[in-house]
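**Student:** Next comes data-v2.cif, mmCIF, C-alpha atoms:
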```cif
data_entry
#
loop_
_atom_site.label_atom_id
_atom_site.label_comp_id
_atom_site.auth_asym_id
_atom_site.auth_seq_id
_atom_site.Cartn_x
_atom_site.Cartn_y
_atom_site.Cartn_z
CA MET A 995 63.22 176.52 44.58
CA TYR A 996 66.89 176.25 45.47
CA GLY A 997 68.06 173.35 47.57
CA SER A 998 71.32 175.25 48.01
CA ARG A 999 69.62 178.05 49.89
CA GLY A 1000 71.59 179.44 52.75
CA ALA A 1001 70.60 182.88 53.87
CA GLY A 1002 67.53 183.79 51.92
CA THR A 1003 65.71 183.92 55.20
CA PHE A 1004 66.08 187.27 56.84
CA ALA A 1005 63.76 189.91 55.49
CA GLY A 1006 61.99 189.92 58.83
CA THR A 1007 65.08 190.66 60.87
CA ARG A 1008 64.66 194.35 60.20
CA ALA A 1009 61.89 194.30 62.77
CA SER A 1010 64.30 193.16 65.45
CA ALA A 1011 67.32 195.16 64.30
CA VAL A 1012 66.18 198.24 66.18
CA VAL A 1013 68.16 201.41 66.62
CA LEU A 1014 70.00 200.79 69.85
CA GLY A 1015 71.47 204.01 71.19
CA ALA A 1016 71.50 204.64 74.91
CA ALA A 1017 68.95 201.98 75.79
CA LEU A 1018 71.14 199.13 74.55
CA LEU A 1019 74.24 200.60 76.13
CA ILE A 1020 72.42 200.60 79.45
CA ALA A 1021 71.34 197.00 78.89
CA GLY A 1022 74.93 196.19 77.95
CA CYS A 1023 76.01 197.01 81.48
CA SER A 1024 74.58 193.66 82.51
CA SER A 1025 76.74 191.88 79.95
CA SER A 1026 80.20 193.18 80.68
CA GLY A 1027 81.49 190.19 82.59
CA ASP A 1028 82.86 186.84 81.51
CA GLY A 1029 81.27 183.50 82.10
CA GLY A 1030 77.75 182.34 82.58
CA ASP A 1031 74.61 183.19 84.50
CA GLU A 1032 74.91 185.91 87.11
CA GLY A 1033 72.48 188.18 88.86
CA ASP A 1034 69.37 188.03 90.99
CA ASP A 1035 66.05 186.29 90.53
CA ALA A 1036 64.27 189.39 89.21
CA ALA A 1037 65.55 189.04 85.66
CA PRO A 1038 67.66 186.59 83.68
CA ARG A 1039 71.13 188.04 83.26
CA ILE A 1040 72.85 187.54 79.92
CA THR A 1041 76.62 187.67 80.27
CA GLN A 1042 79.53 187.34 77.88
CA GLN A 1043 81.32 184.09 77.13
CA PRO A 1044 85.02 183.74 78.08
CA LYS A 1045 86.89 186.12 75.83
CA GLU A 1046 89.87 183.89 75.12
CA ALA A 1047 87.66 181.40 73.28
CA ASP A 1048 84.82 183.63 72.15
CA PRO A 1049 85.58 187.32 71.60
CA PHE A 1050 82.19 188.16 70.09
CA TRP A 1051 79.52 190.23 71.80
CA VAL A 1052 76.38 188.69 73.28
CA ASN A 1053 73.40 191.01 72.80
CA PRO A 1054 71.56 191.12 76.14
CA ASP A 1055 68.47 192.50 74.38
CA GLY A 1056 68.14 190.02 71.51
CA ASN A 1057 65.02 188.01 70.68
CA ALA A 1058 66.26 184.95 72.55
CA ALA A 1059 67.01 187.03 75.65
CA LYS A 1060 63.54 188.54 75.52
CA ALA A 1061 61.99 185.10 75.16
CA LEU A 1062 64.05 183.90 78.11
CA ALA A 1063 62.80 186.77 80.25
CA ASP A 1064 59.19 186.02 79.30
CA LEU A 1065 59.58 182.34 80.20
CA GLU A 1066 61.22 183.19 83.52
CA LYS A 1067 58.38 185.59 84.32
CA ALA A 1068 55.83 182.90 83.46
CA GLY A 1069 57.57 180.44 85.78
CA LYS A 1070 58.49 178.08 82.94
CA LYS A 1071 61.93 177.33 84.28
CA GLU A 1072 62.76 174.26 82.19
CA GLN A 1073 61.91 175.98 78.93
CA ALA A 1074 63.73 179.10 80.08
CA GLU A 1075 66.93 177.14 80.62
CA GLN A 1076 66.62 175.62 77.17
CA ILE A 1077 66.25 179.04 75.55
CA ARG A 1078 69.18 180.26 77.64
CA GLU A 1079 71.35 177.93 75.55
CA ILE A 1080 70.61 180.27 72.65
CA ALA A 1081 70.40 183.59 74.49
CA GLN A 1082 73.83 183.31 76.10
CA GLN A 1083 75.66 182.92 72.76
CA PRO A 1084 76.74 185.75 70.43
CA THR A 1085 74.75 185.83 67.20
CA GLY A 1086 74.86 187.92 64.05
CA GLU A 1087 73.21 191.34 64.05
CA TRP A 1088 71.61 191.72 60.62
CA ILE A 1089 71.72 195.42 59.72
CA SER A 1090 68.46 196.56 58.16
CA PRO A 1091 68.16 199.41 55.63
CA GLU A 1092 66.42 201.69 58.13
CA ASN A 1093 68.98 203.81 60.00
CA PRO A 1094 71.96 201.54 59.25
CA GLU A 1095 74.48 204.01 60.66
CA GLU A 1096 72.68 204.16 63.99
CA GLN A 1097 72.36 200.38 64.15
CA ALA A 1098 76.04 199.79 63.39
CA ARG A 1099 77.04 202.42 65.93
CA GLY A 1100 74.72 201.02 68.60
CA PHE A 1101 75.90 197.44 68.20
CA THR A 1102 79.61 198.30 68.05
CA GLU A 1103 79.42 200.75 70.95
CA ALA A 1104 77.67 198.16 73.12
CA ALA A 1105 80.21 195.53 72.11
CA ASP A 1106 83.08 197.92 72.77
CA LYS A 1107 81.69 198.72 76.22
CA ALA A 1108 81.75 194.99 76.97
CA GLY A 1109 85.29 194.65 75.57
CA ARG A 1110 84.08 192.50 72.66
CA THR A 1111 83.74 192.41 68.89
CA ALA A 1112 80.39 192.99 67.20
CA LEU A 1113 79.31 190.40 64.62
CA LEU A 1114 77.41 192.22 61.87
CA VAL A 1115 75.71 190.86 58.75
CA LEU A 1116 75.04 192.96 55.65
CA TYR A 1117 72.18 191.54 53.60
CA ASN A 1118 70.86 194.32 51.41
CA ILE A 1119 72.24 193.70 47.92
CA PRO A 1120 69.82 194.74 45.13
CA HIS A 1121 67.64 191.88 43.81
CA ARG A 1122 68.35 189.90 46.96
CA ASP A 1123 67.15 186.31 47.34
CA CYS A 1124 65.67 186.15 43.84
CA GLY A 1125 62.26 187.29 45.05
CA GLN A 1126 61.80 184.45 47.55
CA TYR A 1127 60.95 184.70 51.28
CA SER A 1128 63.60 187.37 51.87
CA GLY A 1129 63.40 189.07 48.50
CA GLY A 1130 64.16 192.76 48.30
CA GLY A 1131 67.35 194.62 49.07
CA ALA A 1132 68.48 198.11 48.14
CA ALA A 1133 66.55 199.84 45.37
CA ASP A 1134 69.62 200.26 43.18
CA GLY A 1135 73.40 200.44 43.19
CA ASN A 1136 73.59 203.95 44.55
CA ALA A 1137 71.25 203.09 47.41
CA TYR A 1138 73.44 200.10 48.26
CA ARG A 1139 76.63 202.16 48.23
CA ALA A 1140 74.98 204.66 50.56
CA PHE A 1141 73.94 201.80 52.84
CA VAL A 1142 77.49 200.45 53.05
CA ASP A 1143 78.89 203.94 53.62
CA SER A 1144 76.44 204.43 56.48
CA VAL A 1145 77.37 201.12 58.09
CA ALA A 1146 81.07 201.96 57.80
CA LYS A 1147 80.49 205.35 59.41
CA GLY A 1148 78.58 203.70 62.23
CA ILE A 1149 81.35 201.16 62.89
CA GLY A 1150 84.16 203.70 62.87
CA ASP A 1151 87.31 202.46 64.60
CA ARG A 1152 85.51 200.00 66.87
CA SER A 1153 86.01 196.26 66.54
CA ALA A 1154 83.65 194.46 64.15
CA THR A 1155 83.49 191.32 62.06
CA VAL A 1156 81.24 191.62 59.01
CA ILE A 1157 79.64 188.77 57.08
CA LEU A 1158 79.09 190.33 53.67
CA GLU A 1159 75.96 189.53 51.65
CA PRO A 1160 75.00 185.89 52.20
CA ASP A 1161 74.13 184.14 48.93
CA ALA A 1162 75.00 187.18 46.78
CA VAL A 1163 77.86 185.51 44.90
CA LEU A 1164 76.23 182.07 45.03
CA HIS A 1165 73.13 183.35 43.25
CA LEU A 1166 75.29 184.81 40.50
CA VAL A 1167 76.65 181.33 39.87
CA ASP A 1168 73.58 179.12 40.25
CA GLY A 1169 71.47 181.00 37.71
CA CYS A 1170 69.12 182.54 40.24
CA THR A 1171 70.14 186.17 39.66
CA PRO A 1172 69.49 187.36 36.07
CA GLU A 1173 72.57 188.01 33.93
CA GLU A 1174 71.71 191.69 33.52
CA PHE A 1175 72.46 192.31 37.20
CA HIS A 1176 75.78 190.46 37.40
CA GLU A 1177 78.23 193.22 36.47
CA GLU A 1178 76.70 195.67 38.91
CA ARG A 1179 76.63 193.14 41.74
CA TYR A 1180 80.31 192.30 41.35
CA ASP A 1181 81.10 196.01 41.40
CA LEU A 1182 78.96 196.59 44.50
CA LEU A 1183 80.49 193.69 46.40
CA LYS A 1184 84.03 194.70 45.50
CA GLY A 1185 83.30 198.24 46.60
CA ALA A 1186 81.79 197.07 49.88
CA VAL A 1187 84.83 194.90 50.62
CA ALA A 1188 87.14 197.84 49.93
CA LYS A 1189 85.12 200.24 52.08
CA LEU A 1190 84.77 197.97 55.07
CA THR A 1191 88.33 196.60 55.07
CA SER A 1192 89.60 200.18 55.08
CA LEU A 1193 88.25 200.51 58.63
CA LYS A 1194 90.86 200.18 61.35
CA ASN A 1195 89.40 197.24 63.30
CA THR A 1196 86.95 195.57 60.93
CA LYS A 1197 87.31 192.12 59.40
CA VAL A 1198 85.26 191.18 56.35
CA TYR A 1199 84.21 187.71 55.24
CA LEU A 1200 82.58 187.51 51.81
CA ASP A 1201 79.92 184.82 51.67
CA ALA A 1202 80.76 181.74 49.60
CA GLY A 1203 77.74 179.44 49.81
CA ASN A 1204 77.68 176.05 51.48
CA ALA A 1205 78.85 172.47 51.15
CA GLY A 1206 75.67 171.27 49.47
CA TRP A 1207 75.14 173.66 46.58
CA GLY A 1208 77.91 172.74 44.16
CA HIS A 1209 81.70 172.59 43.79
CA PRO A 1210 84.33 175.19 44.70
CA ASP A 1211 85.44 175.19 41.05
CA GLN A 1212 82.19 176.96 40.22
CA ILE A 1213 82.55 179.85 42.63
CA PHE A 1214 86.22 180.68 43.17
CA GLU A 1215 86.54 182.96 40.13
CA PRO A 1216 83.30 184.83 40.93
CA LEU A 1217 84.61 185.34 44.46
CA LYS A 1218 87.73 186.93 43.00
CA TRP A 1219 85.61 189.21 40.81
CA ALA A 1220 83.70 190.17 43.97
CA GLY A 1221 86.84 191.21 45.87
CA ILE A 1222 87.87 188.16 47.91
CA ASP A 1223 91.55 189.07 47.47
CA GLN A 1224 91.03 192.20 49.56
CA ALA A 1225 88.69 190.56 52.11
CA ASP A 1226 89.90 188.83 55.25
CA GLY A 1227 88.29 185.63 54.07
CA PHE A 1228 84.94 184.05 53.30
CA SER A 1229 81.97 182.57 55.14
CA VAL A 1230 80.27 179.23 54.55
CA ASN A 1231 77.04 177.55 55.63
CA VAL A 1232 75.24 180.78 56.54
CA SER A 1233 71.69 179.91 57.66
CA ASN A 1234 72.25 176.35 56.48
CA PHE A 1235 72.65 172.97 58.13
CA TYR A 1236 75.68 171.18 56.68
CA THR A 1237 77.89 169.70 59.35
CA THR A 1238 81.02 171.40 60.54
CA GLU A 1239 83.09 168.57 59.06
CA GLU A 1240 81.45 169.01 55.66
CA SER A 1241 81.84 172.76 55.86
CA ILE A 1242 85.53 172.54 56.73
CA ALA A 1243 86.13 170.23 53.76
CA TYR A 1244 84.29 172.58 51.39
CA GLY A 1245 86.03 175.64 52.81
CA LYS A 1246 89.50 174.11 52.55
CA GLN A 1247 88.95 173.15 48.92
CA LEU A 1248 87.78 176.67 48.16
CA SER A 1249 90.56 178.30 50.17
CA ALA A 1250 93.15 176.51 48.04
CA LYS A 1251 91.68 178.22 44.97
CA VAL A 1252 91.55 181.75 46.42
CA GLY A 1253 95.05 182.21 47.74
CA GLY A 1254 94.75 180.32 51.01
CA LYS A 1255 92.12 182.65 52.45
CA HIS A 1256 90.77 181.79 55.88
CA PHE A 1257 87.07 181.27 56.49
CA VAL A 1258 84.34 181.16 59.13
CA ILE A 1259 81.51 178.63 59.48
CA ASP A 1260 77.94 179.23 60.60
CA THR A 1261 77.34 176.41 63.08
CA SER A 1262 74.13 177.82 64.53
CA ARG A 1263 71.82 174.96 63.51
CA ASN A 1264 74.05 172.25 62.05
CA GLY A 1265 74.11 169.89 65.02
CA ASN A 1266 72.17 167.17 63.20
CA GLY A 1267 73.32 168.02 59.69
CA PRO A 1268 71.00 168.82 56.77
CA TYR A 1269 67.38 167.71 56.39
CA THR A 1270 67.02 165.07 53.68
CA GLU A 1271 63.27 164.56 53.44
CA GLY A 1272 60.34 166.43 51.92
CA ASP A 1273 60.49 168.87 49.02
CA PRO A 1274 64.16 169.18 47.98
CA GLY A 1275 63.56 172.81 47.06
CA GLU A 1276 62.59 173.73 50.61
CA ARG A 1277 64.72 171.49 52.78
CA TRP A 1278 66.56 174.61 53.93
CA CYS A 1279 63.35 176.25 55.22
CA ASN A 1280 62.51 175.52 58.88
CA PRO A 1281 63.46 171.85 58.60
CA PRO A 1282 62.33 169.67 61.52
CA GLY A 1283 64.64 167.66 63.69
CA ARG A 1284 67.59 170.05 63.56
CA ALA A 1285 69.84 170.96 66.50
CA LEU A 1286 72.15 173.72 67.63
CA GLY A 1287 75.74 173.24 66.47
CA GLU A 1288 79.08 174.06 68.02
CA THR A 1289 78.90 177.18 70.13
CA PRO A 1290 80.67 180.26 68.74
CA THR A 1291 84.42 180.18 69.27
CA THR A 1292 87.73 181.05 67.66
CA LYS A 1293 89.16 177.73 68.87
CA THR A 1294 88.37 175.58 65.86
CA ALA A 1295 89.38 172.22 64.40
CA ASP A 1296 91.48 173.67 61.58
CA PRO A 1297 93.94 176.58 61.33
CA LEU A 1298 92.18 177.87 58.20
CA VAL A 1299 88.92 178.25 60.13
CA ASP A 1300 89.01 181.56 61.98
CA ALA A 1301 85.79 180.93 63.91
CA TYR A 1302 82.61 179.00 64.35
CA LEU A 1303 79.86 181.62 64.40
CA TRP A 1304 76.12 181.76 64.88
CA VAL A 1305 75.42 184.01 61.93
CA LYS A 1306 71.83 182.87 61.65
CA ARG A 1307 69.99 183.56 64.90
CA PRO A 1308 68.61 180.21 66.13
CA GLY A 1309 64.91 180.40 66.84
CA GLU A 1310 64.10 182.93 64.13
CA SER A 1311 62.03 181.62 61.23
CA ASP A 1312 63.41 180.94 57.77
CA GLY A 1313 60.10 182.00 56.24
CA GLU A 1314 56.45 181.07 55.94
CA CYS A 1315 56.97 177.35 55.40
CA LYS A 1316 56.27 174.29 57.56
CA GLY A 1317 54.05 176.40 59.79
CA GLY A 1318 56.61 179.11 60.43
CA PRO A 1319 56.02 182.87 60.72
CA LYS A 1320 57.59 185.42 58.39
CA ALA A 1321 61.34 185.28 57.84
CA GLY A 1322 63.29 186.61 60.80
CA GLN A 1323 60.45 186.46 63.32
CA TRP A 1324 61.00 184.64 66.60
CA TRP A 1325 59.41 181.18 66.65
CA SER A 1326 59.40 179.82 70.19
CA ASP A 1327 58.44 176.23 69.34
CA TYR A 1328 61.23 175.89 66.80
CA ALA A 1329 63.76 177.47 69.16
CA LEU A 1330 62.84 175.03 71.91
CA LYS A 1331 63.13 172.08 69.56
CA LEU A 1332 66.61 173.21 68.45
CA ALA A 1333 67.76 173.44 72.06
CA GLN A 1334 66.09 170.19 73.11
CA ALA A 1335 67.64 168.28 70.21
CA SER A 1336 71.05 169.62 71.23
CA ASP A 1337 70.66 168.15 74.71
CA THR A 1338 69.95 164.62 73.54
#
```
For this file, produce the structure as structure tokens.
**Tutor:**
Amino acid sequence: MYGSRGAGTFAGTRASAVVLGAALLIAGCSSSGDGGDEGDDAAPRITQQPKEADPFWVNPDGNAAKALADLEKAGKKEQAEQIREIAQQPTGEWISPENPEEQARGFTEAADKAGRTALLVLYNIPHRDCGQYSGGGAADGNAYRAFVDSVAKGIGDRSATVILEPDAVLHLVDGCTPEEFHEERYDLLKGAVAKLTSLKNTKVYLDAGNAGWGHPDQIFEPLKWAGIDQADGFSVNVSNFYTTEESIAYGKQLSAKVGGKHFVIDTSRNGNGPYTEGDPGERWCNPPGRALGETPTTKTADPLVDAYLWVKRPGESDGECKGGPKAGQWWSDYALKLAQASDT
């Protein structure tokens, strides 16, 4: 019921955020080089992008990579190449509540082995997503603190960039999260920022909504209460569709109100901008006609923008709307349409 929805879409990612361990490290051996497609015809090789423009780790065992392998095996070469456009880019790894320390360690160890930075997303705040498609989160404040502590322990001194709690501050401002939970949420977010920024090589971006939900005047003070001063910056457009130009304008206005903080933009599906038809309350959910946006890079159009990122994993459903599967599940038809629209 919120047209401003950004990231309330990922309850299902826990199914794909498996404990990695040795298996992923072995798979990571095929992703240690720079550049594009290498390897033999037996399996599609997923390699890293050039580090000078894109320092983030490409998961060679992600959902898009698995879909690519299946299409190659089935001889569907054209579709495989379209899905490769997604599989070869680094995307956010959404840490689920089950074994968070092992997940964080597995992702960061694999990234470290490839000489890259892991992009992690924490999305487990209590009373998450206001009971919608990705409702849930930690049972209480203590459970959330334990979750963050486990993630921090798993990261250790390895390089990581963390997108912290998409929509958590936004939903304090837009009336979605009941007033009785506000004080605790600010405390939890501030504590998470402090814990994660204390790590040697971790950057933290506190989520700050998107260009379509409201005005920066409404959220800058709540961001301060949530610890933005101690964070490296903030994220905008997570799981949403506003154009990069719109997102830069929104981010720059907000930056001016929070001490000139830098920000990152989720460009994963914003190639055609936001959907403007149908039910306004669900325009954010699996909208048709969208396209992949700018590929992840630290070479951006503005010095305040630290990176364009694919925080949302293109091809994974926003939820059970418009014929989609549960939130976070791979949806091949939608993934293909995103890639095809990007080629036109």
**Student:** Got a sec to resolve the PyMOL selection byres ((chain A and resi 1186) around 12) on this structure and send the residues as a PyMOL selection string?
**Tutor:** chain A and resi 1116-1119+1135-1136+1138-1146+1156-1159+1179-1185+1187-1193+1198-1200+1220-1222+1224-1225
**Student:** Starting from the PyMOL selection byres ((chain A and resi 1290) around 7), expand the selection into actual residues of this file and give them as a list in words.
**Tutor:**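 What the PyMOL selection byres ((chain A and resi 1290) around 7) grabs from the file is Asp1048, Gln1083, Pro1084, Glu1288, Thr1289, Thr1291, Tyr1302, Leu1303 and Trp1304 of chain A.
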**Student:** For the file shown, report as a list in words the outcome of the PyMOL selection byres ((chain A and resi 1259) around 8) at residue level.
**Tutor:**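 Output of the PyMOL selection byres ((chain A and resi 1259) around 8): Ser1229, Val1230, Asn1231, Val1232, Thr1238, Ser1241, Ile1242, Phe1257, Val1258, Asp1260, Thr1261, Val1299, Ala1301, Tyr1302 and Leu1303 of chain A.
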**Student:** Counting all atoms listed in the file, which residue out of A:Leu1286, A:Val1163, A:Val1305, A:Val1052 sits closest to Glu1079 (chain A)?
**Tutor:**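 Answer, going by the shortest atom-to-atom distance: A:Leu1286.
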**Student:** Within 10 Å of region 1057-1062 of chain A, counting all atoms listed in the file, which residues show up once you throw out same-chain ones fewer than 4 positions away? Write them as a VMD selection string, please.
**Tutor:** chain A and resid 1010 to 1011 1037 to 1040 1052 to 1053 1066 to 1068 1070 to 1071 1073 to 1083 1307 to 1310 1323 to 1326 1329
**Student:** When you look at Tyr1236 (chain A) with a cut-off of 8 Å (counting only C-alpha atoms), what residues show up, excluding the ones that are within fewer than 5 positions of it in the same chain? I need them as a PDB file with C-alpha atoms, keeping the file's coordinate frame.
**Tutor:**
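That gives us selection_22.pdb:
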```
ATOM      1  CA  ASN A1204      77.680 176.050  51.480  1.00  0.00           C
ATOM      2  CA  ALA A1205      78.850 172.470  51.150  1.00  0.00           C
ATOM      3  CA  GLY A1206      75.670 171.270  49.470  1.00  0.00           C
ATOM      4  CA  ASN A1231      77.040 177.550  55.630  1.00  0.00           C
ATOM      5  CA  SER A1241      81.840 172.760  55.860  1.00  0.00           C
ATOM      6  CA  ASN A1264      74.050 172.250  62.050  1.00  0.00           C
ATOM      7  CA  GLY A1267      73.320 168.020  59.690  1.00  0.00           C
ATOM      8  CA  PRO A1268      71.000 168.820  56.770  1.00  0.00           C
TER       9      PRO A1268
END
```
**Student:** Just need the box for region 1151-1164 of chain A, edges along x, y and z, holding every atom the file lists for it with 8 Å tacked onto each side, so centre and edge lengths in Å to one decimal, as AutoDock Vina command-line options.
**Tutor:**
```
--center_x 80.7 --center_y 192.3 --center_z 55.9 --size_x 29.2 --size_y 36.4 --size_z 38.0
```
**Student:** Let me make sure I understand: among A:Asp1168, A:Ala1133, A:Lys1306, A:Glu1174, which one has the smallest atom-to-atom distance to Leu1114 (chain A) if we use all atoms listed in the file?
**Tutor:**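 Closest candidate: A:Lys1306.
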**Student:** Considering only C-alpha atoms, state which residue in the set A:Ala1162, A:Ile1213, A:Cys1279, A:Ala1047 is at the smallest distance from Thr1292 (chain A).
**Tutor:**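 Ranked by minimum distance to Thr1292 (chain A), first place goes to A:Ala1047.
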**Student:** Just the number, please: distance in Å from CA of Asn1234 (chain A) to CA of Ala1202 (chain A), one decimal.
**Tutor:** 12.2 Å
**Student:** Go through A:Phe1101, A:Trp1219, A:Trp1088, A:Tyr1328 and flag the residue nearest Asp1312 (chain A), using all atoms listed in the file for the distances.
**Tutor:**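 Answer, going by the shortest atom-to-atom distance: A:Tyr1328.
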